[in-house]
Structure formats: structure tokens, C-alpha cells
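Accompanying notes for the structure given below.
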Amino acid sequence: MTKIKVESYLNSELKKKKALLFVLIDSEISNQNSSANLAKQVEKIGASAILVGGSSATDQIEMSQIVKTIKKSIKIPIILFPGNVTGVVPEADAILFSSLMNSENPYFITQAQALGAPSVLKFGLEPLPTAYLVIGDGTSAWFVGSARGIPFEKPKIAAAYALAAQFLGMRFVYLEAGSGAKTTVQPDMVKTVRKLFNGFLIVGGGIKDAKTAKSLVEAGADALVIGTLLEKGGKLSKLTEISKAMKTAKK
Ligand code: 1GP
């Protein structure tokens, strides 16, 4: 991914597909070999990018080794998904340079970003300006990020944040129910956000089946993030089903 910039790659992929599939590899959970294998397999299934990070991934050395190893095995870009400044490591292609807009702690809105930005520059990572919105509560992202979770049944609040993000110049919005969430972001919220937000809309947290994935794509998601489903070994057949269902979505 040295020649094509990741953002333009994602947008051009989106012209070819109804929505993109991102697979999240949590470097605290997967080791180097299993991560590389998983990345290779999900690339074959049709994933457009690998996200590396998460709110509990804090070991920078381990993370940078995993990024380095995965990079040798795949052609699709590696996008860092940092939960803190420790999520900024070299050799990835890009980073979801995120502000947790509905955090109650300014550290997660602008301070971690200021602390991490010089390393993003130093490592030559492409920053993808992202509004990270935590929906619901009780998940690691919610707890670690001191988020005041947007209630699942309040789509207009999420849409207002997404619009604010757009006015602030952010080109990506990530509606996050949290890793392993019992409830996913609801299609109604995605639809409401989609009506106002013109940028790249990522949805993740708790997506485990084809039907849910399809409904989120039909509601207007540009990319779905799948993590937990693949963590406990296998379930690649489920990912294949999800990938196929996303292609059949009516948009
Ligand atoms: C978490 O949205 C991602 O940050 C993925 O969620 O692990 O529940 O798939 P899952």
C-alpha cells in the first residue's frame, strides 16, 4: 500500500462494493503466527482492511511485532485502531486518528491525539480523521474511554454527533457498540446517521451473523468491523456468510 493512499483506496473499493469488511485483530489476544494466518484467510474471504488495536491492546512491542508480521502476509492495508497513544506503532499503512467525541474525559477527545500525533508523523502513518462514537454501555471501549454512551434507541443524538464531526472536518464516523457487545448498533441509528453524514460510515461491535450484517449495510454502513467472532479460533465460515450477505444487500 505504498503507492495508493488508504483513504482513496477505501473510497474506490466502496465504488465497487456495497460495503467493506474490516477485520479487527486484537494484539493482546492473537499471537504473531495466528494473526498472520487469520489476516491471510480473511483477505481471501474479501476483507478490505485489517484493523489492529482495541481499547485493551496496550503492549506496543507486541503490537508492532504483530503489524510487522501481518504486513508480510497480505496486500490489503493495515489500519491501526488505537485505544490510546500506545496504539501508535510503525509499519502500518494508516491509523483511525480518532476522537472519542462522547467521552467525558478530554484526554480521549484531544489530549491523547496531541500526544500521539508526532509519532503518527514520524512513522509515516496516514491519519484517517475519525469521530469515534460509543453507543450503549458496559463494554471495554465504554469503560476505558470514559464514554457517556449514546443510548441505542437515540439515533438522533448519534446523527447530531456525526454531523458535528463532519462540520469539524472529520471524514470518517465509527459507530461503536463495543467489542463483544450483546446488542449491535441498530439499523435505525445507522439510517438516521447516514441521512446527515456524507463521509465514510463504519459500524462495529457485536456483529456475528449475516442477517445483522446485511441489515446494517442496507441501512447505509460503508464498512462493518468484525473482531470477536474470529477470536476464539475459526468461525471463518461465518465470516464468509457475512461477506456474501453484505454483497446481496439492497442499497
Ligand atoms: C470493536 O467494533 C469492533 O471495537 C468489533 O467488535 O469484537 O464485537 O466484533 P466485535
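Letters A, B, ... go to the chains of the C-alpha cells in the order shown; residues in each chain start at 1; ligands are counted from 1 in the same order.
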- [ ] Using only C-alpha atoms and all ligand atoms, find each residue with an atom at most 7 Å away from ligand 1 and format the answer as number ranges by chain.
- [x] A: 24, 54, 176-181, 203-208, 225-229
For those residues, write all heavy atoms to a file as a compact mmCIF listing (two decimals), in the first residue's frame.
```txt
# COMPACT_ATOMS: atom_id res chain seq x y z
N LEU A 24 -10.93 -6.92 12.71
CA LEU A 24 -10.12 -6.39 13.81
C LEU A 24 -9.30 -7.49 14.46
O LEU A 24 -9.86 -8.51 14.89
CB LEU A 24 -11.03 -5.74 14.86
CG LEU A 24 -10.38 -5.35 16.18
CD1 LEU A 24 -9.33 -4.26 16.00
CD2 LEU A 24 -11.43 -4.90 17.20
N GLY A 54 -7.51 -1.83 19.56
CA GLY A 54 -8.59 -2.07 20.52
C GLY A 54 -8.28 -1.38 21.84
O GLY A 54 -7.12 -1.04 22.10
N GLU A 176 -19.73 2.66 17.37
CA GLU A 176 -19.13 1.52 18.08
C GLU A 176 -20.01 1.04 19.22
O GLU A 176 -20.21 1.77 20.20
CB GLU A 176 -17.76 1.97 18.64
CG GLU A 176 -17.10 1.01 19.57
CD GLU A 176 -16.56 -0.24 18.87
OE1 GLU A 176 -17.37 -1.14 18.59
OE2 GLU A 176 -15.34 -0.28 18.63
N ALA A 177 -20.53 -0.17 19.11
CA ALA A 177 -21.29 -0.74 20.23
C ALA A 177 -20.33 -1.34 21.26
O ALA A 177 -20.73 -1.61 22.39
CB ALA A 177 -22.25 -1.80 19.73
N GLY A 178 -19.07 -1.55 20.87
CA GLY A 178 -18.07 -2.13 21.77
C GLY A 178 -17.80 -3.57 21.42
O GLY A 178 -18.72 -4.31 21.01
N SER A 179 -16.56 -3.97 21.61
CA SER A 179 -16.18 -5.34 21.25
C SER A 179 -16.96 -6.34 22.09
O SER A 179 -17.05 -6.21 23.32
CB SER A 179 -14.68 -5.52 21.47
OG SER A 179 -14.27 -6.67 20.80
N GLY A 180 -17.54 -7.32 21.42
CA GLY A 180 -18.30 -8.35 22.12
C GLY A 180 -19.63 -7.86 22.66
O GLY A 180 -20.24 -8.52 23.51
N ALA A 181 -20.10 -6.72 22.18
CA ALA A 181 -21.35 -6.14 22.70
C ALA A 181 -22.52 -7.12 22.50
O ALA A 181 -22.57 -7.83 21.50
CB ALA A 181 -21.65 -4.84 21.98
N VAL A 203 -19.31 0.78 11.13
CA VAL A 203 -20.16 0.28 12.22
C VAL A 203 -19.55 -1.00 12.77
O VAL A 203 -19.12 -1.87 11.99
CB VAL A 203 -21.61 0.00 11.72
CG1 VAL A 203 -22.49 -0.52 12.86
CG2 VAL A 203 -22.23 1.27 11.11
N GLY A 204 -19.48 -1.12 14.09
CA GLY A 204 -18.91 -2.33 14.67
C GLY A 204 -19.41 -2.60 16.07
O GLY A 204 -20.10 -1.78 16.68
N GLY A 205 -19.05 -3.77 16.56
CA GLY A 205 -19.42 -4.18 17.91
C GLY A 205 -20.54 -5.19 17.92
O GLY A 205 -21.68 -4.87 17.57
N GLY A 206 -20.19 -6.44 18.23
CA GLY A 206 -21.21 -7.48 18.42
C GLY A 206 -21.79 -8.08 17.15
O GLY A 206 -22.74 -8.85 17.22
N ILE A 207 -21.23 -7.75 15.99
CA ILE A 207 -21.79 -8.31 14.73
C ILE A 207 -21.28 -9.75 14.57
O ILE A 207 -20.08 -9.99 14.49
CB ILE A 207 -21.40 -7.45 13.51
CG1 ILE A 207 -21.86 -6.00 13.71
CG2 ILE A 207 -22.01 -8.04 12.22
CD1 ILE A 207 -21.31 -5.02 12.71
N LYS A 208 -22.23 -10.69 14.53
CA LYS A 208 -21.83 -12.10 14.49
C LYS A 208 -22.57 -12.91 13.43
O LYS A 208 -22.28 -14.06 13.22
CB LYS A 208 -22.11 -12.76 15.86
CG LYS A 208 -21.26 -12.23 17.00
CD LYS A 208 -21.38 -13.09 18.24
CE LYS A 208 -22.71 -13.00 18.94
NZ LYS A 208 -22.99 -11.78 19.66
N VAL A 225 -17.09 -3.78 11.00
CA VAL A 225 -15.91 -4.31 11.68
C VAL A 225 -16.29 -5.58 12.43
O VAL A 225 -17.25 -5.59 13.20
CB VAL A 225 -15.31 -3.29 12.68
CG1 VAL A 225 -14.04 -3.84 13.32
CG2 VAL A 225 -15.02 -1.96 11.99
N ILE A 226 -15.52 -6.64 12.17
CA ILE A 226 -15.77 -7.92 12.85
C ILE A 226 -14.50 -8.30 13.61
O ILE A 226 -13.41 -8.37 13.01
CB ILE A 226 -16.07 -9.05 11.83
CG1 ILE A 226 -17.16 -8.65 10.84
CG2 ILE A 226 -16.38 -10.38 12.55
CD1 ILE A 226 -18.58 -8.75 11.30
N GLY A 227 -14.63 -8.54 14.90
CA GLY A 227 -13.46 -8.91 15.71
C GLY A 227 -13.69 -10.19 16.46
O GLY A 227 -13.20 -11.27 16.11
N THR A 228 -14.51 -10.10 17.52
CA THR A 228 -14.72 -11.20 18.46
C THR A 228 -15.09 -12.52 17.79
O THR A 228 -14.60 -13.58 18.19
CB THR A 228 -15.82 -10.80 19.48
OG1 THR A 228 -15.44 -9.55 20.05
CG2 THR A 228 -15.99 -11.83 20.58
N LEU A 229 -15.90 -12.47 16.75
CA LEU A 229 -16.35 -13.68 16.05
C LEU A 229 -15.17 -14.56 15.65
O LEU A 229 -15.28 -15.78 15.64
CB LEU A 229 -17.15 -13.25 14.81
CG LEU A 229 -17.64 -14.36 13.90
CD1 LEU A 229 -18.73 -15.17 14.58
CD2 LEU A 229 -18.17 -13.79 12.59
```
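Excluding region 168-175 of chain A and any residue on its chain fewer than 4 positions from it, the residues at most 9 Å away by only C-alpha atoms are Leu96, Ser98, Leu128, Pro129, Thr130, Ala131, Tyr132, Leu133, Val134, Ile135, Ala158, Ala162, Leu163, Ala164, Val185, Val190, Phe197, Asn198, Gly199, Phe200, Leu201, Ile202, Val203, Gly204 and Gly205 of chain A.
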- [ ] Pick out the residues sitting within 9 Å of region 235-237 of chain A, and hand them over as a ChimeraX atom specification; count only C-alpha atoms, and ignore anything fewer than 4 positions along from it in its own chain.
- [x] /A:38,41-42,45,229-231,241-242
Task: Surrounding residues of Phe81 (chain A) excluding itself and chain neighbours under 2 positions, 8 Å, only C-alpha atoms, as a ChimeraX atom specification - done: /A:51-54,79,83,87,95-97
Please, could you write that set of residues out with N, CA, C and O atoms as a compact mmCIF listing (two decimals), in the first residue's frame?
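Final file, again-v2.txt:
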```txt
# COMPACT_ATOMS: atom_id res chain seq x y z
N LEU A 51 -7.80 -4.15 10.81
CA LEU A 51 -7.59 -3.18 11.88
C LEU A 51 -6.78 -3.87 12.96
O LEU A 51 -7.05 -5.03 13.29
N VAL A 52 -5.81 -3.17 13.51
CA VAL A 52 -5.06 -3.74 14.63
C VAL A 52 -5.16 -2.76 15.80
O VAL A 52 -4.86 -1.57 15.65
N GLY A 53 -5.61 -3.26 16.93
CA GLY A 53 -5.71 -2.40 18.11
C GLY A 53 -6.83 -2.82 19.02
O GLY A 53 -7.10 -4.01 19.18
N GLY A 54 -7.51 -1.83 19.56
CA GLY A 54 -8.59 -2.07 20.52
C GLY A 54 -8.28 -1.38 21.84
O GLY A 54 -7.12 -1.04 22.10
N ILE A 79 -4.73 -0.96 9.16
CA ILE A 79 -5.13 0.32 9.74
C ILE A 79 -5.11 0.19 11.26
O ILE A 79 -5.77 -0.69 11.81
N GLY A 83 -6.49 2.59 21.07
CA GLY A 83 -7.32 2.91 22.22
C GLY A 83 -6.64 3.97 23.07
O GLY A 83 -7.22 4.51 24.00
N GLY A 87 -1.30 2.77 21.04
CA GLY A 87 -1.77 2.11 19.82
C GLY A 87 -1.11 2.65 18.56
O GLY A 87 -1.47 2.24 17.46
N ILE A 95 -3.96 5.01 10.18
CA ILE A 95 -4.47 4.95 11.55
C ILE A 95 -5.84 5.62 11.59
O ILE A 95 -6.02 6.68 10.96
N LEU A 96 -6.78 5.00 12.29
CA LEU A 96 -8.04 5.70 12.55
C LEU A 96 -7.67 6.76 13.59
O LEU A 96 -7.57 6.46 14.78
N PHE A 97 -7.39 7.96 13.10
CA PHE A 97 -6.99 9.03 14.02
C PHE A 97 -8.27 9.58 14.62
O PHE A 97 -8.94 10.43 14.05
```
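For the set A:Leu14, A:Val120, A:Ile29, A:Ala141, the residue with the smallest atom-to-atom gap to Val217 (chain A) is A:Leu14, counting only C-alpha atoms.
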TODO: Write down as a ChimeraX atom specification the residues belonging to region 5-206 of chain A that are assigned helix (DSSP H, G or I) by DSSP computed on the backbone.
DONE: /A:6-16,32-45,60-73,85-87,106-122,140-144,155-167,187-196
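Proximity ranking of A:Ala94, A:Ala221, A:Ala213, A:Leu121 relative to Lys5 (chain A) places A:Ala94 first, based on only C-alpha atoms.
Take the candidates A:Asn105, A:Glu43, A:Leu115, A:Lys18 and check each one against Phe143 (chain A) using only C-alpha atoms; the shortest distance goes to A:Asn105.
Using only C-alpha atoms, the contacts of Lys244 (chain A) at a cut-off of 8 Å, with sequence neighbours closer than 4 positions omitted, comprise A:Ala210, A:Thr240, A:Thr248.
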Dump as a PDB file, in the first residue's frame, selection limited to N, CA, C and O atoms:
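And here is the file that came out, out.pdb:
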```
ATOM      1  N   ALA A 210     -24.933 -13.046   9.498  1.00  0.00           N
ATOM      2  CA  ALA A 210     -25.131 -12.485   8.169  1.00  0.00           C
ATOM      3  C   ALA A 210     -26.339 -11.546   8.099  1.00  0.00           C
ATOM      4  O   ALA A 210     -26.286 -10.503   7.454  1.00  0.00           O
ATOM      5  N   THR A 240     -17.442 -15.827   6.016  1.00  0.00           N
ATOM      6  CA  THR A 240     -17.768 -15.987   4.591  1.00  0.00           C
ATOM      7  C   THR A 240     -19.254 -15.700   4.370  1.00  0.00           C
ATOM      8  O   THR A 240     -19.619 -14.985   3.437  1.00  0.00           O
ATOM      9  N   THR A 248     -25.186  -9.099  -1.067  1.00  0.00           N
ATOM     10  CA  THR A 248     -26.567  -9.194  -1.562  1.00  0.00           C
ATOM     11  C   THR A 248     -27.470  -8.101  -0.976  1.00  0.00           C
ATOM     12  O   THR A 248     -28.671  -8.054  -1.269  1.00  0.00           O
TER      13      THR A 248
END
```
I'd like the neighbourhood of Val89 (chain A) as a short mmCIF file (atom, residue, chain, number, x, y, z; two decimals) with all heavy atoms, in the first residue's frame, where a residue qualifies if any of its atoms comes within 9 Å (using only C-alpha atoms), though same-chain residues fewer than 2 positions away should be ignored.
```
data_model
loop_
_atom_site.label_atom_id
_atom_site.label_comp_id
_atom_site.auth_asym_id
_atom_site.auth_seq_id
_atom_site.Cartn_x
_atom_site.Cartn_y
_atom_site.Cartn_z
N GLN A 60 2.82 -2.11 23.27
CA GLN A 60 3.27 -1.56 21.98
C GLN A 60 4.26 -2.48 21.26
O GLN A 60 4.25 -2.55 20.03
CB GLN A 60 3.99 -0.23 22.22
CG GLN A 60 3.12 0.95 21.93
CD GLN A 60 3.88 2.24 22.04
OE1 GLN A 60 4.61 2.45 22.99
NE2 GLN A 60 3.70 3.12 21.08
N ILE A 61 5.10 -3.15 22.03
CA ILE A 61 6.12 -4.01 21.41
C ILE A 61 5.43 -5.16 20.70
O ILE A 61 5.69 -5.44 19.52
CB ILE A 61 7.13 -4.51 22.47
CG1 ILE A 61 7.88 -3.29 23.04
CG2 ILE A 61 8.11 -5.52 21.89
CD1 ILE A 61 8.76 -3.58 24.23
N MET A 63 2.35 -5.30 19.76
CA MET A 63 1.54 -4.81 18.65
C MET A 63 2.38 -4.53 17.41
O MET A 63 2.02 -4.88 16.29
CB MET A 63 0.80 -3.53 19.05
CG MET A 63 -0.30 -3.16 18.09
SD MET A 63 -1.07 -1.60 18.49
CE MET A 63 -1.75 -1.92 20.08
N SER A 64 3.56 -3.92 17.62
CA SER A 64 4.36 -3.61 16.43
C SER A 64 4.90 -4.88 15.79
O SER A 64 5.02 -4.96 14.56
CB SER A 64 5.45 -2.59 16.72
OG SER A 64 6.28 -3.06 17.70
N VAL A 67 2.00 -6.25 13.72
CA VAL A 67 1.80 -5.46 12.49
C VAL A 67 2.85 -5.85 11.45
O VAL A 67 2.54 -6.10 10.28
CB VAL A 67 1.85 -3.94 12.80
CG1 VAL A 67 1.94 -3.12 11.52
CG2 VAL A 67 0.63 -3.52 13.60
N LEU A 80 -4.34 1.04 11.91
CA LEU A 80 -4.31 0.98 13.37
C LEU A 80 -5.62 1.53 13.93
O LEU A 80 -6.20 2.47 13.40
CB LEU A 80 -3.13 1.79 13.91
CG LEU A 80 -1.74 1.32 13.48
CD1 LEU A 80 -0.66 2.27 14.02
CD2 LEU A 80 -1.47 -0.11 13.96
N THR A 86 -0.54 4.37 23.08
CA THR A 86 0.20 3.11 22.92
C THR A 86 -0.21 2.35 21.66
O THR A 86 0.47 1.42 21.25
CB THR A 86 -0.04 2.20 24.15
OG1 THR A 86 -1.45 2.16 24.39
CG2 THR A 86 0.67 2.70 25.37
N GLY A 87 -1.30 2.77 21.04
CA GLY A 87 -1.77 2.11 19.82
C GLY A 87 -1.11 2.65 18.56
O GLY A 87 -1.47 2.24 17.46
N GLU A 91 5.00 0.88 10.74
CA GLU A 91 4.80 -0.13 9.69
C GLU A 91 3.37 -0.42 9.28
O GLU A 91 3.14 -1.17 8.34
CB GLU A 91 5.55 -1.43 10.01
CG GLU A 91 7.04 -1.13 10.14
CD GLU A 91 7.92 -2.34 10.07
OE1 GLU A 91 7.73 -3.15 9.15
OE2 GLU A 91 8.82 -2.46 10.92
N ALA A 92 2.40 0.16 9.97
CA ALA A 92 1.02 0.03 9.47
C ALA A 92 0.86 1.04 8.33
O ALA A 92 1.74 1.87 8.10
CB ALA A 92 0.03 0.31 10.58
N SER A 119 4.13 10.89 16.75
CA SER A 119 4.53 9.53 16.35
C SER A 119 3.86 9.12 15.05
O SER A 119 4.45 8.41 14.23
CB SER A 119 4.17 8.51 17.44
OG SER A 119 4.81 8.86 18.63
N VAL A 120 2.62 9.57 14.85
CA VAL A 120 1.92 9.27 13.59
C VAL A 120 2.73 9.84 12.43
O VAL A 120 2.96 9.18 11.41
CB VAL A 120 0.47 9.86 13.61
CG1 VAL A 120 -0.18 9.77 12.23
CG2 VAL A 120 -0.38 9.14 14.65
N PHE A 123 6.18 7.94 12.04
CA PHE A 123 6.04 6.59 11.48
C PHE A 123 5.45 6.60 10.07
O PHE A 123 5.28 5.55 9.46
CB PHE A 123 5.17 5.71 12.39
CG PHE A 123 5.72 5.50 13.79
CD1 PHE A 123 4.86 5.19 14.84
CD2 PHE A 123 7.08 5.62 14.06
CE1 PHE A 123 5.35 4.99 16.14
CE2 PHE A 123 7.57 5.43 15.35
CZ PHE A 123 6.71 5.12 16.39
N LEU A 125 2.40 7.24 9.13
CA LEU A 125 1.06 6.63 9.07
C LEU A 125 0.07 7.63 8.48
O LEU A 125 0.13 8.82 8.81
CB LEU A 125 0.59 6.25 10.49
CG LEU A 125 1.49 5.31 11.28
CD1 LEU A 125 1.07 5.29 12.76
CD2 LEU A 125 1.42 3.90 10.70
#
```
Task: Closest of A:Asn37, A:Pro127, A:Ser73, A:Thr184 to Asp93 (chain A) - atom-to-atom distances counting only C-alpha atoms - done: A:Pro127
Open item on the list: As an exercise, work out the distance from CA of Asp222 (chain A) to CA of Ile78 (chain A) in Å and give it to one decimal place.
Closed with: 17.5 Å
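Counting only C-alpha atoms, the residue from A:Lys44, A:Lys154, A:Lys251, A:Lys68 that sits nearest to Lys214 (chain A) is A:Lys251.
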